[in-house]
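First up is the structure itself, then whatever we jot down about it.
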There are 6 protein chains.
Amino acid sequence: MTGDFGFNARIAEPLVKLALQEDIGNGDITSEAIFKDERGFGFFVVKDDGVVAGLPVVELVYHILDPSISVELMVSEGATVKKGDRIIEVNGPVQSILSGERVALNFLQRMSGIATLTSKFVRAVAPYGVRICDTRKTVPGLRYLDKYAVRVGGGVNHRFGLDDAVLIKDNHIRAAGGVKPAVDAVRRKVSFTRKIEVEVQSLAELDEALEADVDIIMLDNMGVNDLTEAVRRIRSVSPHILIEASGGITLDTVIRVASTGVDLISVGELTHSVRVLDISLELQENWI
Amino acid sequence: MTGDFGFNARIAEPLVKLALQEDIGNGDITSEAIFKDERGFGFFVVKDDGVVAGLPVVELVYHILDPSISVELMVSEGATVKKGDRIIEVNGPVQSILSGERVALNFLQRMSGIATLTSKFVRAVAPYGVRICDTRKTVPGLRYLDKYAVRVGGGVNHRFGLDDAVLIKDNHIRAAGGVKPAVDAVRRKVSFTRKIEVEVQSLAELDEALEADVDIIMLDNMGVNDLTEAVRRIRSVSPHILIEASGGITLDTVIRVASTGVDLISVGELTHSVRVLDISLELQENWI
Amino acid sequence: MTGDFGFNARIAEPLVKLALQEDIGNGDITSEAIFKDERGFGFFVVKDDGVVAGLPVVELVYHILDPSISVELMVSEGATVKKGDRIIEVNGPVQSILSGERVALNFLQRMSGIATLTSKFVRAVAPYGVRICDTRKTVPGLRYLDKYAVRVGGGVNHRFGLDDAVLIKDNHIRAAGGVKPAVDAVRRKVSFTRKIEVEVQSLAELDEALEADVDIIMLDNMGVNDLTEAVRRIRSVSPHILIEASGGITLDTVIRVASTGVDLISVGELTHSVRVLDISLELQENWI
Amino acid sequence: MTGDFGFNARIAEPLVKLALQEDIGNGDITSEAIFKDERGFGFFVVKDDGVVAGLPVVELVYHILDPSISVELMVSEGATVKKGDRIIEVNGPVQSILSGERVALNFLQRMSGIATLTSKFVRAVAPYGVRICDTRKTVPGLRYLDKYAVRVGGGVNHRFGLDDAVLIKDNHIRAAGGVKPAVDAVRRKVSFTRKIEVEVQSLAELDEALEADVDIIMLDNMGVNDLTEAVRRIRSVSPHILIEASGGITLDTVIRVASTGVDLISVGELTHSVRVLDISLELQENWI
Amino acid sequence: MTGDFGFNARIAEPLVKLALQEDIGNGDITSEAIFKDERGFGFFVVKDDGVVAGLPVVELVYHILDPSISVELMVSEGATVKKGDRIIEVNGPVQSILSGERVALNFLQRMSGIATLTSKFVRAVAPYGVRICDTRKTVPGLRYLDKYAVRVGGGVNHRFGLDDAVLIKDNHIRAAGGVKPAVDAVRRKVSFTRKIEVEVQSLAELDEALEADVDIIMLDNMGVNDLTEAVRRIRSVSPHILIEASGGITLDTVIRVASTGVDLISVGELTHSVRVLDISLELQENWI
Amino acid sequence: MTGDFGFNARIAEPLVKLALQEDIGNGDITSEAIFKDERGFGFFVVKDDGVVAGLPVVELVYHILDPSISVELMVSEGATVKKGDRIIEVNGPVQSILSGERVALNFLQRMSGIATLTSKFVRAVAPYGVRICDTRKTVPGLRYLDKYAVRVGGGVNHRFGLDDAVLIKDNHIRAAGGVKPAVDAVRRKVSFTRKIEVEVQSLAELDEALEADVDIIMLDNMGVNDLTEAVRRIRSVSPHILIEASGGITLDTVIRVASTGVDLISVGELTHSVRVLDISLELQENWI
């Protein structure tokens, strides 16, 4: 059900069906008019360097569309590829191959784009032992695949949604009358199986959070000096707390943030502003 | 049912419900634990210059989530905005406002990003009377909204999917044994209400297409010289044919392409590699 | 995915599942109580002369209901059959064969009824080179299959729905202030990949439409003299325009309409008032 | 929830949504391009004599499409109407009125066609105190509405599907080894709340059925003489048994069948070969 | 499609998919992180004496989750089992076996609990030839499986829902102005294929019901003396009427009720207050 | 969106619709035949002592079924009630009130049964400061409502499903080659926002778990002496770790378990073997 990065076809299936319905609707009128039983084969070829993610989605697209198409993966999920590399071979009825081409590429290009960008961040901070994580700034409907692609790129996932971990932000703190009362309210009402994270935007807020005994502290939009000091204070009080830096961090700034000793850096750009990895399907000339 | 850009809430509703289900799942555990009946208000504020798209989606998000929230639009859909501009006021239960914040922003930021980029292309080619159009390189599941945002940004839409217009590409031509037989096959089998477009990659292919009497010709990946010559040939033979240029066209190259006299330029980047417009929700301090 | 008439099982599948759920609900209580493992076979036999349509739907019904049933087609989709002809052999568990009988027949009889009537119109106008097309007067939920059956009967399809081609009618013209402004509004807002059709009900309206440069003109409810004159005017001005006659045309009147030189005749009766082709399932006596 | 004929909007709603989605898809591109905020009103007018059924479906169509449209019923469900009668007034945004027109008419015309034909059968047999009932030969997906329309036309419903009443046919009898064993098997396995009907095709089979103590006997495809004799035998043995005549009965033959003394006559034609009642929407000239 | 107790996998499938989605959501994060390709096998073992129901649901769970798992049934559906008995062997990828364990058990334990309790009632009344039946007091969403499990336990089913049989209760009688008018109203409006049951709570009400000629009489909450007298009156008037006793009947009281000569005893507890049969999955030590 | 116990109507709505569809199907034929426009009112009355849960679900049932019914809550969610207490007043069309009665009661009785049993456990352990929590042994499809009812009864929730917290059991440990490697594998692959719980069945396993630095330790099926010793060891090493006792704990044994100093006791019986709280709807005599 999974593979190394935990891909679950059963979860992805409704998304793939939605995408096929959206694109093909009442039929691929061009291909249906022109093709008969021609069979052929072709390759998905990358047109730029990057990291491939989404191979099992391509398998799923063609399996749902036409099980008689065979899909052979020529590289592993997560492989680093170079311009010109062939990554998938498809073989079967030409009409079906073409009818599914755009949907397959739309998934594959976006997911590879996410994995490629993630891997750049991951490599940048590798010397510091810091992990790169995603956010909830994903495209509506694609969160499962967006977050999967982050894992393929070497990143780790933050919470999936609002229901599986607690993140207390400034408005929550204000409503509760402080960090401590907010955390207490959560402790009373939320399953003890959930971690509690608090977002702080200053060292003063940090001190308040440290008294509340939380699991994760997010240092939001702090400069490097404040980050360094924040890490020092947290480590001295409570070495178990995970420290996450957040807030508009880019490839240009990520190394400096990583150098402050935080555990995790969350990057919204990984999923909210994805540049696709250019990939195309090249059908071979001879078919039968 | 629509507004100036033809937004249809009935079509968008399933996407919004999917996005809310995805993010909120079994509940916004943080906000539900902390908030009681506090009411408050706040503003969606843009953090960068751009064109706003997606306002009716934000209305829909909050209407579905909690109809007691009022959503007041402070600018019109498609408005050009500057960093710091307030664009929406929301007013109602703070818990619901926060529970819907991320979903609302994920839609609004992406759609505004599409509209903003589209408007740059549109302005660039305005002197040439050329129109900018989208492609099917959209995010799976969001095609309706992606294409709507292109219209908000001043662009026009290409076909929605494989079922509503014919686009004959090289593989179709090969299977049929030439442009003419391909067009003939389509004419026999496809509804006469569909337009027929043919993609050509060289002047030789163009000449073949011109003999087939089609509605639209797509000039794919041609240089400026070939484009100019292609336009000349088409206009001289068949002034009714719409001419579309396509293939990796960027803001840097679009003006030169526009200068060749084509009618339309399609740009995949409008929807496949969207940089979001930065927008955030700022809750006001005083609530009750 | 298709066959000669472009049948797409993936699109039809939800309709078939809906029909099975509707008829079988919580179980075929009669057959489940009486049958054990008996296997048998039988034939779908036509009880009247006609044209068969819907064979792949019968395959789908049984495939979804019980994949262990084999369905052998004894004629081709679109075959002209005579009373008494066997058209399908089914073989498998008797209980499943009977549980799916009614659903299979309900589809098959209606679709064959449509194909049969369509083929009568098609044959009637064949000498004139005119094509017969359908309308949107289909049974709610069955448009895909109704229009497919029209193709099987030799007809062609008009637009599928309101979203894939423009048809400007009198109310649109009135709202816009004339044919020209209506067409202009459409040109501004609708994808350039859509054809534009205008419905006219008099020669005066026709002249206005001719100035607006549209793709198709529908001559609605005109007498033969007006039709002849309308065809003459359109051909003299704009030979590319497709001409459709419409409005209560029956088998009695269709030849006269065809003789006026129009390209297409649309017939609502093809799908709105279908007389089924009588077909029944005859199980053979010996089973095991 | 119902009205005199038991219409349940909650059950009909998914069918109406399916029909709207089918017809409008990604938008009514013509009307959306041309109309702004014009409001108008119009009437649904019958073009032939008949019985009206489906008024609450029209209300539902417009309520779902655009709740700002008011729908005023000018006749009662089941009313006998004459050519030219206005039956519904709609008032609201012209765009929405037109976007829903076809879907509303497709339901209304078919349902009124069913009610009209049913009422002809009902009137024909009225002198004999016989009731007319439907069959499972309905259009896939529309059984609820088809059967409702039969009630509106004065008919009664046979079982809804395979799960709510037992009907033992020849194949069941053969598999069980006789009528008695078939009925016994059903008694053992099927809920005691279900009635048991047996179909017989000869007087010999009838005698067997009479020994099995069933609730309803269907006399299938018998001539008038056999029917008369069958009724006599059943009445003499078991006055509680309901007697149904079935098999290709038409308006021409129904009176003779009714005269034999059966309780019910089932007519497949009521729903399998429906001639629509011609109805159209006439928008008034002046709108604002 | 069925087996001895009429299990229909097509009907159960959506419930199983719902349950898997509910439990596994975005993935079984523990098992996905730890397991690779290990294969293993294990047994479902009962931990208490009882009657097994739900075996085909377990097959369905694993078939949907991972078709590569083999599920071998070691006892028949409805088997009486003792503590320690192995009832199912599963063999396949350990990860999938574990991911589906809880869902499989939640179905199997509840259904076996229902069958076990039902069988106790059935055995208790066996000497009296009385049948035990269920009610509509089932868990929302599981009625099909709850009622199936009652059959497996030897019970029979009452009506499935409000739409397949008539049950006239005191409020209906009051609204209609008596039993007779209520039955008459039903006869006029409800399909003749439906049985009519009346609930009476006293001998006076019973006499009224006897005049109305119904199919089933439910004696609700009567003492043994009244039950005996009621049975006597009904049998003397109308031997065909089925007699059902109802109302808080327990294992302690059921024998006395059975001794009164009623045909059926309905027991809400069978499905509304189910004690699960304790079953667990025991994976074997050696896997590969 | 919530109330004190975090009830989310948007999440519950599909379950309620499913239940209404299941029970009402194609219509409440009895009530639809008998009632016209009678309006009335009545009360939901408890027939036994207990804790009420599910009031907002009853509101939802009637809101979906017929918004013209008013539902007035006469006690608060979670109220302790005595036999005879009125808890809800409903007022509106009698037909709709009756059509929704069974579905409303099926939810309300089960949820109140869960809350009642939970509250008994909670009161029993109150002197020890121990919390009672649920398990995943819920009825398929109802987990959200089952777990909500546990909260209403004073309990707390364990994880919702397999995707929101890690629980490492013996098979996981075996596959990984020990507790430490299992925890390490999870740390590498699972979001850092997830807590990690390990299940141990002996003191030896406990020591291994203590070295792995987890968030929660479940002591499964241990006797009181081992529990006491386990708590001592955990507290001495790692005071932050939450300690959960689990395994067949009943009202009889729960106090002794609580006395060992564990933080939480999980009880499968709360949701897997629910005895409903007896509640009925009593319509008042006078209606109009």
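Note on naming: chains are A, B, ... as they come in the structure tokens, residues start from 1 per chain, ligands start from 1 in the order shown.
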
Practice task
Skip Phe44 in chain E itself and residues of its chain fewer than 2 positions away, then list as JSON, numbers by chain all residues within 12 Å of it, counting only C-alpha atoms.
Solution key: {"E": [41, 42, 46, 47, 52, 55, 58, 71, 72, 73, 74, 75, 83, 84, 85, 86, 87, 88, 89, 90, 91, 97, 101, 102, 104, 105, 108, 109, 278, 279, 280, 281, 282, 283, 284]}

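Omitting Lys169 in chain C and its sequence neighbours fewer than 6 positions away, and counting only C-alpha atoms, the residues within 8 Å are C:Val198, C:Glu199, C:Val200.
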
Exercise for the section: Rounded to one decimal place, report the CA of Arg131 in chain F-CA of Gly154 in chain F distance in Å. Expected result: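 Rounded to one decimal, the two atoms are 8.7 Å apart.
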
Handout entry: Who sits within 8 Å of range 23-32 of chain B, only C-alpha atoms, same chain under 2 positions skipped, as a list in words
Key =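 Non-adjacent residues within range: Arg136, Phe160, Gly161, Leu162, Asp163, Asp164, Ala165, Val166, Leu167, Ile168, His172, Val186 and Val190 of chain A; Ala19, Leu20, Gln21, Ile34, Phe35, Lys36, Gln95, Leu98, Ser99 and Val103 of chain B; Thr2, Gly6, Asn8, Ile11 and Tyr144 of chain F.
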
Exercise for the section: Could you please select, counting only C-alpha atoms, the residues of chain F within 10 Å of chain A and state them as a ChimeraX atom specification? Expected result: /F:4-6,133,151,155-160,163-167,188-197,213,215-216,240,242,264

Exercise for the section: Could you give me, as a ChimeraX atom specification, the residues within 6 Å of range 266-272 of chain E, counting only C-alpha atoms and dropping anything in the same chain fewer than 3 positions from it? Expected result: /E:114,132-135,137-138,246

Just write the chosen residues, N, CA and C atoms, as an mmCIF file, in the first residue's frame.
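What follows is the written file result.cif:
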data_model
loop_
_atom_site.group_PDB
_atom_site.id
_atom_site.type_symbol
_atom_site.label_atom_id
_atom_site.label_comp_id
_atom_site.auth_asym_id
_atom_site.auth_seq_id
_atom_site.Cartn_x
_atom_site.Cartn_y
_atom_site.Cartn_z
ATOM 1 N N ILE E 114 -24.675 -9.734 17.445
ATOM 2 C CA ILE E 114 -26.093 -9.768 17.083
ATOM 3 C C ILE E 114 -26.551 -11.196 16.829
ATOM 4 N N ILE E 132 -38.423 -15.279 15.784
ATOM 5 C CA ILE E 132 -37.897 -14.052 16.388
ATOM 6 C C ILE E 132 -37.575 -13.081 15.260
ATOM 7 N N CYS E 133 -38.030 -11.841 15.385
ATOM 8 C CA CYS E 133 -37.691 -10.866 14.333
ATOM 9 C C CYS E 133 -37.121 -9.593 14.916
ATOM 10 N N ASP E 134 -36.491 -8.825 14.033
ATOM 11 C CA ASP E 134 -35.805 -7.606 14.450
ATOM 12 C C ASP E 134 -36.734 -6.401 14.359
ATOM 13 N N THR E 135 -36.190 -5.222 14.550
ATOM 14 C CA THR E 135 -36.948 -3.966 14.466
ATOM 15 C C THR E 135 -36.130 -2.971 13.636
ATOM 16 N N LYS E 137 -34.708 -0.559 15.131
ATOM 17 C CA LYS E 137 -33.817 0.026 16.145
ATOM 18 C C LYS E 137 -32.384 -0.431 15.897
ATOM 19 N N THR E 138 -31.863 -0.075 14.734
ATOM 20 C CA THR E 138 -30.516 -0.472 14.336
ATOM 21 C C THR E 138 -29.589 0.735 14.422
ATOM 22 N N SER E 246 -44.784 -7.666 20.680
ATOM 23 C CA SER E 246 -43.726 -6.674 20.682
ATOM 24 C C SER E 246 -43.706 -5.924 22.013
#

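Excluding Gly178 in chain F and any residue on its chain fewer than 2 positions from it, the residues at most 12 Å away by only C-alpha atoms are Ile34 of chain E; Ile168, Lys169, Asp170, Asn171, His172, Ile173, Arg174, Ala175, Ala176, Lys180, Pro181, Ala182, Val183, Asp184, Ala185, Val198, Val200, Ala204, Glu205, Leu206, Asp207, Glu208, Ala209, Glu211 and Ala212 of chain F.
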
Exercise for the section: May I ask for the distance between CA of Arg275 in chain D and CA of Val276 in chain C, given in Å to one decimal place? Expected result: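 Pair CA of Arg275 in chain D / CA of Val276 in chain C returns 11.2 Å.
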
Exercise for the section: In Å, rounded to a single decimal, give me how far CA of Leu15 in chain D is from CA of Val57 in chain D. Expected result: 9.8 Å

Handout entry: Filtered DSSP result for range 62-237 of chain B, state strand (DSSP E), as a ChimeraX atom specification
Key = /B:70-73,80-81,86-93,131-133,166-168,196-200,216-220
